[in-house]
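Visitor: Next comes work-v6.txt, compact mmCIF, C-alpha atoms and all ligand atoms:
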```txt
# COMPACT_ATOMS: atom_id res chain seq x y z
CA MET A 1 108.32 30.74 31.94
CA ILE A 2 109.70 32.90 34.77
CA GLU A 3 106.45 34.86 35.14
CA MET A 4 104.52 31.65 35.22
CA SER A 5 106.69 29.91 37.83
CA THR A 6 106.63 33.01 40.04
CA PHE A 7 102.86 33.23 39.74
CA LEU A 8 102.41 29.52 40.48
CA ILE A 9 104.65 29.65 43.57
CA LEU A 10 102.73 32.71 44.79
CA LEU A 11 99.40 31.03 44.17
CA PHE A 12 100.61 27.93 45.99
CA PHE A 13 101.31 29.96 49.14
CA ILE A 14 98.22 32.14 48.91
CA SER A 15 96.04 29.07 48.46
CA SER A 16 97.10 27.68 51.84
CA ASN A 17 94.83 30.34 53.37
CA PRO A 18 91.17 29.27 52.93
CA ASN A 19 90.04 32.90 53.44
CA TYR A 20 90.79 33.61 49.79
CA ASP A 21 88.63 30.74 48.52
CA VAL A 22 85.28 31.47 46.91
CA GLU A 23 82.23 29.75 48.32
CA GLY A 24 80.47 27.48 45.82
CA SER A 25 83.59 27.07 43.62
CA PHE A 26 86.58 24.80 43.94
CA THR A 27 89.41 26.13 46.14
CA LEU A 28 92.39 28.27 45.12
CA ARG A 29 94.51 25.15 45.66
CA HIS A 30 92.43 23.45 42.96
CA LEU A 31 93.06 26.47 40.73
CA PHE A 32 96.78 26.01 41.33
CA ILE A 33 96.53 22.32 40.38
CA TYR A 34 94.49 23.29 37.31
CA PHE A 35 97.13 25.80 36.09
CA LEU A 36 99.95 23.36 36.77
CA THR A 37 98.40 20.27 35.15
CA THR A 38 97.12 22.02 32.03
CA SER A 39 100.48 23.65 31.45
CA LEU A 40 102.42 20.39 32.01
CA PHE A 41 100.00 18.41 29.88
CA ARG A 42 100.34 20.95 27.06
CA ARG A 43 104.11 20.66 27.05
CA ILE A 44 104.29 16.88 27.39
CA TYR A 45 101.64 16.19 24.78
CA ASN A 46 103.25 18.64 22.36
CA ALA A 47 106.62 16.92 22.83
CA TYR A 48 104.96 13.55 22.17
CA LEU A 49 103.23 14.77 18.99
CA GLU A 50 106.38 16.32 17.58
CA ALA A 51 108.41 13.23 18.47
CA CYS A 52 105.93 11.19 16.39
CA TYR A 53 106.10 13.73 13.60
CA PHE A 54 109.88 13.74 13.33
CA HIS A 55 110.17 9.97 13.78
CA PHE A 56 107.95 9.02 10.88
CA PRO A 57 108.93 11.23 7.94
CA LYS A 58 107.08 8.94 5.55
CA TYR A 59 103.70 9.87 7.00
CA ARG A 60 104.22 13.64 6.85
CA THR A 61 101.92 15.81 4.81
CA GLN A 62 104.52 18.60 4.51
CA PRO A 63 107.67 18.04 2.45
CA GLU A 64 110.63 17.33 4.73
CA LYS A 65 112.78 20.06 3.20
CA GLU A 66 110.38 22.73 4.47
CA HIS A 67 111.72 22.30 7.97
CA LEU A 68 115.38 22.52 7.00
CA LEU A 69 117.14 25.62 8.23
CA ILE A 70 118.50 26.59 4.82
CA LYS A 71 116.41 29.71 4.40
CA LYS A 72 118.62 32.22 6.16
CA ALA A 73 117.27 34.26 9.03
CA LYS A 74 114.08 32.22 9.36
CA ASP A 75 113.13 29.78 12.07
CA LEU A 76 111.93 26.20 11.58
CA ASN A 77 108.44 27.47 10.72
CA GLY A 78 109.49 30.28 8.39
CA ARG A 79 109.27 33.31 10.68
CA ASP A 80 111.89 36.06 10.71
CA SER A 81 113.54 37.45 13.82
CA LYS A 82 111.29 40.51 14.00
CA GLN A 83 108.21 38.28 14.04
CA LEU A 84 109.78 36.06 16.66
CA SER A 85 110.54 38.94 18.97
CA LEU A 86 106.97 40.21 18.57
CA LEU A 87 105.72 36.74 19.46
CA VAL A 88 107.64 36.92 22.74
CA TRP A 89 105.56 40.00 23.65
CA HIS A 90 102.35 38.34 22.53
CA ASP A 91 103.20 35.37 24.74
CA LEU A 92 103.54 37.66 27.70
CA GLY A 93 100.29 39.45 26.76
CA THR A 94 98.51 36.09 26.49
CA TYR A 95 99.86 34.97 29.80
CA LEU A 96 98.89 38.15 31.64
CA SER A 97 95.46 38.54 30.05
CA THR A 98 94.31 34.94 30.37
CA THR A 99 95.59 34.61 33.94
CA ALA A 100 93.78 37.85 34.80
CA LEU A 101 90.65 36.47 33.11
CA ASP A 102 90.83 33.17 35.03
CA LEU A 103 91.27 34.98 38.35
CA ALA A 104 88.54 37.53 37.58
CA VAL A 105 86.15 34.70 36.70
CA TYR A 106 87.07 32.91 39.93
CA TYR A 107 86.14 35.92 42.06
CA LEU A 108 83.31 37.38 39.97
CA ILE A 109 81.39 34.25 38.96
CA PRO A 110 81.05 32.01 42.04
CA GLY A 111 80.36 28.42 40.97
CA PHE A 112 81.95 28.82 37.56
CA TYR A 113 84.79 26.58 38.71
CA PRO A 114 82.83 23.54 39.91
CA PRO A 115 82.95 22.70 43.65
CA PRO A 116 84.50 19.31 44.63
CA ASN A 117 81.38 18.22 46.54
CA PRO A 118 78.30 19.43 44.65
CA LEU A 119 74.92 19.37 46.41
CA SER A 120 73.38 17.19 43.71
CA PRO A 121 76.02 14.91 42.12
CA GLN A 122 75.53 14.08 38.43
CA THR A 123 75.18 10.53 37.17
CA PHE A 124 77.63 9.14 34.65
CA PRO A 125 75.32 9.37 31.58
CA THR A 126 74.42 12.98 32.46
CA ARG A 127 78.08 13.86 32.74
CA PHE A 128 78.86 12.27 29.42
CA LEU A 129 76.01 14.06 27.66
CA ARG A 130 76.92 17.39 29.22
CA LEU A 131 80.56 16.97 28.26
CA ALA A 132 79.59 16.31 24.65
CA LEU A 133 77.18 19.26 24.49
CA ASN A 134 79.58 21.59 26.26
CA HIS A 135 82.29 20.65 23.75
CA LEU A 136 79.89 21.30 20.89
CA LEU A 137 79.07 24.78 22.25
CA MET A 138 82.75 25.56 22.69
CA SER A 139 83.65 24.41 19.18
CA PHE A 140 80.73 26.37 17.77
CA GLY A 141 81.99 29.64 19.26
CA MET A 142 85.58 29.06 18.25
CA TYR A 143 84.64 27.84 14.77
CA TRP A 144 82.76 31.03 13.93
CA LEU A 145 85.41 33.24 15.45
CA HIS A 146 88.02 31.42 13.38
CA ARG A 147 86.01 31.68 10.17
CA SER A 148 85.41 35.38 10.69
CA SER A 149 89.08 35.85 11.47
CA HIS A 150 89.86 34.75 7.93
CA ASN A 151 87.17 36.94 6.33
CA VAL A 152 86.83 40.15 8.34
CA PRO A 153 89.87 42.39 7.64
CA LEU A 154 90.13 43.76 11.19
CA LEU A 155 89.99 40.28 12.71
CA TRP A 156 92.43 38.98 10.12
CA ARG A 157 94.99 41.55 11.26
CA VAL A 158 94.88 39.90 14.67
CA HIS A 159 94.75 36.33 13.39
CA ALA A 160 97.51 36.80 10.77
CA VAL A 161 100.10 36.61 13.56
CA HIS A 162 99.19 32.94 13.97
CA HIS A 163 99.78 32.35 10.24
CA TRP A 164 103.25 33.86 10.21
CA SER A 165 104.30 30.27 10.58
CA LYS A 166 104.21 29.02 7.01
CA HIS A 167 104.89 25.34 7.67
CA PRO A 168 103.47 24.75 11.12
CA LEU A 169 104.33 22.25 13.82
CA SER A 170 102.13 21.46 16.79
CA ARG A 171 104.17 23.90 18.93
CA ASN A 172 102.69 26.76 16.84
CA THR A 173 99.16 26.08 18.08
CA TYR A 174 99.18 28.85 20.68
CA GLU A 175 101.68 31.15 19.01
CA ASP A 176 99.25 33.89 18.15
CA HIS A 177 98.20 37.48 18.90
CA TRP A 178 97.27 37.79 22.57
CA ILE A 179 93.84 39.12 21.56
CA ASP A 180 93.33 36.01 19.44
CA ASN A 181 94.04 33.81 22.43
CA LEU A 182 91.90 35.86 24.82
CA SER A 183 88.90 36.06 22.49
CA ASN A 184 89.02 32.30 21.92
CA ALA A 185 88.97 31.82 25.68
CA LEU A 186 85.88 34.05 25.87
CA VAL A 187 83.86 32.44 23.07
CA GLY A 188 85.12 28.93 23.94
CA HIS A 189 85.44 27.56 27.46
CA LEU A 190 83.98 30.63 29.19
CA CYS A 191 80.66 30.75 27.32
CA ALA A 192 80.29 26.97 27.23
CA GLN A 193 80.79 26.59 30.99
CA ILE A 194 78.32 29.43 31.72
CA ILE A 195 75.64 28.03 29.39
CA LEU A 196 76.17 24.39 30.28
CA PRO A 197 78.16 23.97 33.53
CA LEU A 198 80.27 20.83 33.94
CA ASP A 199 81.06 19.29 37.33
CA LEU A 200 84.65 19.02 38.56
CA PRO A 201 85.82 15.71 36.99
CA THR A 202 84.15 16.53 33.65
CA PHE A 203 85.50 20.09 33.73
CA ALA A 204 89.05 18.77 34.19
CA LEU A 205 88.60 16.17 31.46
CA SER A 206 87.12 18.73 29.09
CA HIS A 207 90.15 21.03 29.47
CA LEU A 208 92.62 18.21 28.84
CA LEU A 209 90.64 16.95 25.83
CA ARG A 210 90.57 20.44 24.40
CA ILE A 211 94.35 20.82 24.72
CA ALA A 212 94.92 17.47 23.00
CA GLU A 213 92.47 18.36 20.26
CA SER A 214 93.95 21.77 19.54
CA LEU A 215 97.55 20.54 19.48
CA GLU A 216 96.63 17.78 17.06
C1 LIG B 1 96.07 30.59 25.16
O1 LIG B 1 97.43 30.22 25.17
C2 LIG B 1 97.81 29.33 26.19
C3 LIG B 1 99.27 29.04 26.03
O2 LIG B 1 100.02 30.19 25.91
C4 LIG B 1 97.01 28.05 26.10
O3 LIG B 1 97.29 27.21 27.19
C5 LIG B 1 95.54 28.36 26.08
O4 LIG B 1 94.81 27.16 25.85
C6 LIG B 1 95.22 29.34 24.97
N1 LIG B 1 93.81 29.66 25.01
C7 LIG B 1 93.02 29.45 23.98
C8 LIG B 1 91.58 29.72 24.23
O5 LIG B 1 93.43 29.09 22.90
```
Output the file's structure as structure tokens, nothing else.
Guide:
Amino acid sequence: MIEMSTFLILLFFISSNPNYDVEGSFTLRHLFIYFLTTSLFRRIYNAYLEACYFHFPKYRTQPEKEHLLIKKAKDLNGRDSKQLSLLVWHDLGTYLSTTALDLAVYYLIPGFYPPPNPLSPQTFPTRFLRLALNHLLMSFGMYWLHRSSHNVPLLWRVHAVHHWSKHPLSRNTYEDHWIDNLSNALVGHLCAQIILPLDLPTFALSHLLRIAESLE
């Protein structure tokens, strides 16, 4: 939380200088808005989903007693304190590695982040089709990575961190090994946007849709 707020405040000030913007991409100020909105949306939508979950016990697929805190020294999802303290480090690793990735992509792949005023604007049907295909590509990459993570022993060692939570809630979605998170970013959004670029409004929509989908 503290690292993220510090970084966002820094980015806010740096982005007031257009010299740091990359030609052909959206501006650093857009990048700031992107970090801020995706992170707020993630928190708000997660709170909404869990509020629904706890309000309607009759529709739950997991027995209610699983989330009682009777099992000593375990959290709501069944993880012990050693696992929880490791997760704190993985969170930091995720934060540092994915922020570094996003910034590296901004400076190394001009045009990856779509410019606000493209030379040839896309029509609505094109946007819709591209969004659907881009989402398909992204799911394809992440599906196969996920499948292999359950079958290949080395990958499972990374992915097992995510399954420490025995009776999950939507908040556990991104509680994983930092390598798990980073590799999903690589085979998901990164590849899809390189293979089939989306323009700015569709790019934004695609990221929000993806957050909603993964939390659900
Ligand atoms: C990595 O985790 C962050 C939250 O810590 C999340 O916003 C992001 O979507 C995750 N990336 C992937 C590809 O799962």
Visitor: May I ask you to write as a ChimeraX atom specification all residues lying at most 6 Å from ligand LIG 1 (chain B), with all atoms listed in the file counted?
Guide: /A:174,181,184-185
Visitor: I need the residue nearest Thr123 of chain A from this list: A:Gly24, A:Pro18, A:Pro201, A:Gly111. Use all atoms listed in the file for the distance.
Guide: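 Under the stated criterion, the closest residue is A:Pro201.
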Visitor: At what distance in Å, to one decimal, does atom CA of Ala73 of chain A lie from atom CA of Asn172 of chain A?
Guide: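 Between these atoms lies a distance of 18.2 Å.
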Visitor: Of the candidates A:Phe112, A:Trp144, A:Phe12, A:Phe7, which shows the shortest atom-to-atom distance to Pro197 of chain A, using all atoms listed in the file?
Guide: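 Nearest candidate to Pro197 of chain A out of A:Phe112, A:Trp144, A:Phe12, A:Phe7: A:Phe112.
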Visitor: So that I can check the surroundings of Leu36 of chain A, please list as a list in words every protein, DNA and RNA residue that reaches within 12 Å of it, counting only C-alpha atoms and ignoring chain neighbours fewer than 3 positions away.
Guide: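 In the requested format, the answer is Met4, Ser5, Phe7, Leu8, Ile9, Leu11, Phe12, Arg29, His30, Leu31, Phe32, Ile33, Ser39, Leu40, Phe41, Arg42, Arg43 and Leu208 of chain A.
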Visitor: For atom CA of Thr27 of chain A and atom CA of Ser15 of chain A, determine how far apart the two atoms are, in Å to one decimal place.
Guide: 7.6 Å
Visitor: Measuring atom to atom with all atoms listed in the file, identify which of A:Pro63, A:Thr6, A:His207, A:Ile14 is nearest to His167 of chain A.
Guide: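 Nearest candidate to His167 of chain A out of A:Pro63, A:Thr6, A:His207, A:Ile14: A:Pro63.
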Visitor: Using all atoms listed in the file, find the one residue out of A:Asp199, A:Glu213, A:Leu76, A:Ser170 that sits nearest to Ser120 of chain A.
Guide: A:Asp199
Visitor: In Å to one decimal, how far is atom CA of Asp176 of chain A from atom CA of Pro114 of chain A?
Guide: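 That distance, rounded to one decimal, is 29.2 Å.
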Visitor: Between A:Leu87, A:Leu10, A:Ala204, A:Cys191, which is the closest to Leu137 of chain A once you count only C-alpha atoms?
Guide: A:Cys191
